[in-house]
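Next up, work16.cif (mmCIF, C-alpha atoms):
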```cif
data_run
loop_
_atom_site.group_PDB
_atom_site.id
_atom_site.type_symbol
_atom_site.label_atom_id
_atom_site.label_comp_id
_atom_site.auth_asym_id
_atom_site.auth_seq_id
_atom_site.Cartn_x
_atom_site.Cartn_y
_atom_site.Cartn_z
ATOM 1 C CA MET A 1 -15.829 24.984 -22.122
ATOM 2 C CA TYR A 2 -15.410 22.844 -19.015
ATOM 3 C CA GLU A 3 -18.093 21.909 -16.559
ATOM 4 C CA HIS A 4 -18.280 23.766 -13.244
ATOM 5 C CA LYS A 5 -17.030 22.035 -10.109
ATOM 6 C CA SER A 6 -20.607 21.605 -8.876
ATOM 7 C CA ASP A 7 -21.717 19.882 -12.118
ATOM 8 C CA ARG A 8 -21.698 16.129 -12.617
ATOM 9 C CA LEU A 9 -18.641 14.415 -14.064
ATOM 10 C CA LEU A 10 -18.716 14.355 -17.845
ATOM 11 C CA PRO A 11 -19.676 10.913 -19.255
ATOM 12 C CA ARG A 12 -16.809 8.928 -20.795
ATOM 13 C CA ALA A 13 -18.076 9.339 -24.379
ATOM 14 C CA GLU A 14 -18.278 13.140 -24.064
ATOM 15 C CA PHE A 15 -14.892 13.214 -22.350
ATOM 16 C CA THR A 16 -13.391 11.218 -25.234
ATOM 17 C CA ILE A 17 -14.791 13.754 -27.703
ATOM 18 C CA ARG A 18 -13.258 16.569 -25.631
ATOM 19 C CA VAL A 19 -9.866 14.839 -25.680
ATOM 20 C CA ILE A 20 -10.110 14.327 -29.455
ATOM 21 C CA TRP A 21 -10.888 18.045 -29.929
ATOM 22 C CA HIS A 22 -7.881 18.994 -27.822
ATOM 23 C CA LEU A 23 -5.617 16.598 -29.711
ATOM 24 C CA SER A 24 -6.929 17.968 -33.021
ATOM 25 C CA LEU A 25 -6.196 21.534 -31.934
ATOM 26 C CA ALA A 26 -2.704 20.513 -30.822
ATOM 27 C CA LEU A 27 -2.078 18.789 -34.162
ATOM 28 C CA LEU A 28 -3.293 21.849 -36.057
ATOM 29 C CA ILE A 29 -0.927 24.106 -34.111
ATOM 30 C CA LEU A 30 1.969 21.715 -34.718
ATOM 31 C CA LEU A 31 1.256 21.476 -38.451
ATOM 32 C CA PHE A 32 1.024 25.262 -38.751
ATOM 33 C CA SER A 33 4.270 25.666 -36.806
ATOM 34 C CA LEU A 34 6.026 23.035 -38.891
ATOM 35 C CA GLY A 35 4.849 24.717 -42.102
ATOM 36 C CA LEU A 36 6.074 28.076 -40.808
ATOM 37 C CA GLY A 37 9.481 26.573 -40.107
ATOM 38 C CA VAL A 38 9.756 24.821 -43.466
ATOM 39 C CA VAL A 39 8.899 27.975 -45.415
ATOM 40 C CA GLY A 40 11.128 30.082 -43.183
ATOM 41 C CA TYR A 41 14.197 27.891 -43.645
ATOM 42 C CA HIS A 42 13.597 27.653 -47.359
ATOM 43 C CA LEU A 43 13.188 31.400 -47.870
ATOM 44 C CA THR A 44 15.786 32.734 -45.448
ATOM 45 C CA ASP A 45 18.661 30.319 -45.980
ATOM 46 C CA GLY A 46 17.800 28.789 -49.343
ATOM 47 C CA LEU A 47 17.647 25.242 -48.038
ATOM 48 C CA PRO A 48 15.908 22.684 -50.267
ATOM 49 C CA TRP A 49 12.367 21.794 -49.158
ATOM 50 C CA LEU A 50 13.314 18.435 -47.662
ATOM 51 C CA ASP A 51 16.224 19.909 -45.703
ATOM 52 C CA SER A 52 13.945 22.710 -44.541
ATOM 53 C CA LEU A 53 11.441 20.117 -43.319
ATOM 54 C CA LEU A 54 14.175 18.239 -41.486
ATOM 55 C CA ASN A 55 15.512 21.366 -39.780
ATOM 56 C CA ALA A 56 12.059 22.632 -38.831
ATOM 57 C CA SER A 57 11.087 19.211 -37.459
ATOM 58 C CA MET A 58 14.247 18.941 -35.406
ATOM 59 C CA ILE A 59 13.877 22.440 -33.931
ATOM 60 C CA LEU A 60 10.160 21.948 -33.222
ATOM 61 C CA GLY A 61 10.930 18.604 -31.589
ATOM 62 C CA GLY A 62 13.595 20.184 -29.393
ATOM 63 C CA MET A 63 16.572 18.404 -30.957
ATOM 64 C CA GLY A 64 18.302 21.355 -32.630
ATOM 65 C CA PRO A 65 19.251 22.227 -36.191
ATOM 66 C CA VAL A 66 20.823 19.773 -38.631
ATOM 67 C CA ASP A 67 22.277 21.991 -41.363
ATOM 68 C CA LYS A 68 24.801 24.756 -40.840
ATOM 69 C CA LEU A 69 23.108 28.038 -41.691
ATOM 70 C CA VAL A 70 25.119 30.355 -43.897
ATOM 71 C CA THR A 71 23.083 33.553 -44.207
ATOM 72 C CA ASP A 72 22.426 36.120 -41.508
ATOM 73 C CA SER A 73 18.710 36.008 -42.270
ATOM 74 C CA GLY A 74 18.728 32.228 -41.871
ATOM 75 C CA LYS A 75 20.482 32.489 -38.525
ATOM 76 C CA LEU A 76 18.040 35.148 -37.323
ATOM 77 C CA PHE A 77 15.084 33.070 -38.467
ATOM 78 C CA ALA A 78 16.451 29.972 -36.722
ATOM 79 C CA SER A 79 16.913 31.939 -33.496
ATOM 80 C CA PHE A 80 13.355 33.231 -33.448
ATOM 81 C CA TYR A 81 11.917 29.932 -34.656
ATOM 82 C CA ALA A 82 13.679 28.100 -31.824
ATOM 83 C CA LEU A 83 12.186 30.506 -29.256
ATOM 84 C CA TYR A 84 8.771 30.208 -30.891
ATOM 85 C CA SER A 85 9.053 26.403 -30.892
ATOM 86 C CA GLY A 86 9.737 26.359 -27.162
ATOM 87 C CA ILE A 87 6.576 28.355 -26.511
ATOM 88 C CA VAL A 88 4.597 26.117 -28.874
ATOM 89 C CA PHE A 89 5.861 23.030 -27.051
ATOM 90 C CA ILE A 90 4.648 24.367 -23.700
ATOM 91 C CA GLY A 91 1.318 25.496 -25.173
ATOM 92 C CA VAL A 92 0.632 22.224 -26.969
ATOM 93 C CA ALA A 93 1.523 20.240 -23.852
ATOM 94 C CA GLY A 94 -0.981 22.339 -21.909
ATOM 95 C CA ILE A 95 -3.686 21.813 -24.518
ATOM 96 C CA VAL A 96 -3.172 18.041 -24.477
ATOM 97 C CA ILE A 97 -2.965 17.739 -20.681
ATOM 98 C CA ALA A 98 -5.804 20.158 -19.831
ATOM 99 C CA PRO A 99 -8.827 17.856 -20.274
ATOM 100 C CA VAL A 100 -7.215 15.005 -18.338
ATOM 101 C CA ALA A 101 -6.035 17.291 -15.528
ATOM 102 C CA HIS A 102 -9.463 18.916 -15.331
ATOM 103 C CA ARG A 103 -11.202 15.537 -15.133
ATOM 104 C CA VAL A 104 -8.891 14.313 -12.364
ATOM 105 C CA LEU A 105 -9.338 17.492 -10.334
ATOM 106 C CA HIS A 106 -13.095 17.483 -10.945
ATOM 107 C CA LYS A 107 -13.375 13.873 -9.801
ATOM 108 C CA LEU A 108 -11.332 14.608 -6.671
ATOM 109 C CA HIS A 109 -13.554 17.591 -5.897
ATOM 110 C CA LEU A 110 -16.716 15.514 -6.315
ATOM 111 C CA GLU A 111 -15.315 12.830 -3.989
ATOM 112 C CA ASP A 112 -14.508 15.472 -1.341
ATOM 113 C CA LYS A 113 -18.002 16.943 -1.726
ATOM 114 C CA ASN A 114 -19.633 13.521 -1.266
ATOM 115 C CA ARG A 115 -17.603 12.812 1.890
ATOM 116 C CA GLY A 116 -18.489 16.092 3.621
#
```
Output the file's structure as structure tokens, nothing else.
Amino acid sequence: MYEHKSDRLLPRAEFTIRVIWHLSLALLILLFSLGLGVVGYHLTDGLPWLDSLLNASMILGGMGPVDKLVTDSGKLFASFYALYSGIVFIGVAGIVIAPVAHRVLHKLHLEDKNRG
């Protein structure tokens, strides 16, 4: 997927396309995760769709739940969804940062190679 350290630096236009692909993948993962949370809150605790969206968005964004959950299944779902959301946050951050970090490290490696 990425060029080898001995290859030339990717041109800006190709790099921009790579960043767009990474952002698209991150958005897809976030939308899937948000949908999972909305359906989960609605089915396990009987929250209306809009309240389910609010709760899922807040958990996925790291803010915490809004509504008090009343069923055991809702509380269990919220627990696992919160853990899942933490992992998704780390994964999505990695996906978004990866092309930029790779380009910086690649450029530094090329500069070191040209000096020596």
For this session: Could you check which of A:Ala13, A:Pro99, A:Val39, A:Asp72 is closest to Asp51 in chain A, using all atoms listed in the file?
Result: A:Val39
Exercise. Skipping near chain neighbours, those fewer than 2 positions away, what residues fall within 7 Å of range 81-93 of chain A using all atoms listed in the file, listed as an NGL selection string?
Worked result: :A and (26 or 37 or 59-60 or 77-79 or 95-97)
Problem set entry | Hits of the PyMOL selection byres ((chain A and resi 102) around 12) in this structure, as a PyMOL selection string | chain A and resi 1-5+9-10+15+18-19+94-101+103-109
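Of the residues under consideration (A:Tyr41, A:Leu50, A:Gly35, A:Leu30), A:Tyr41 shows the shortest atom-to-atom contact distance to Lys68 in chain A when counting all atoms listed in the file.
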Exercise. Applied to this file, what does the PyMOL selection byres ((chain A and resi 74) around 9) return in terms of residues, put as a count of residues only?
Worked result: 17
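Note that CA of Val38 in chain A and CA of Ile20 in chain A are 26.5 Å apart.
Taking CA of Val66 in chain A as the reference point, CA of Pro48 in chain A is found at 13.0 Å.
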Exercise. Separation of CA of Ala56 in chain A and CA of Leu34 in chain A, in Å?
Worked result: 6.0 Å
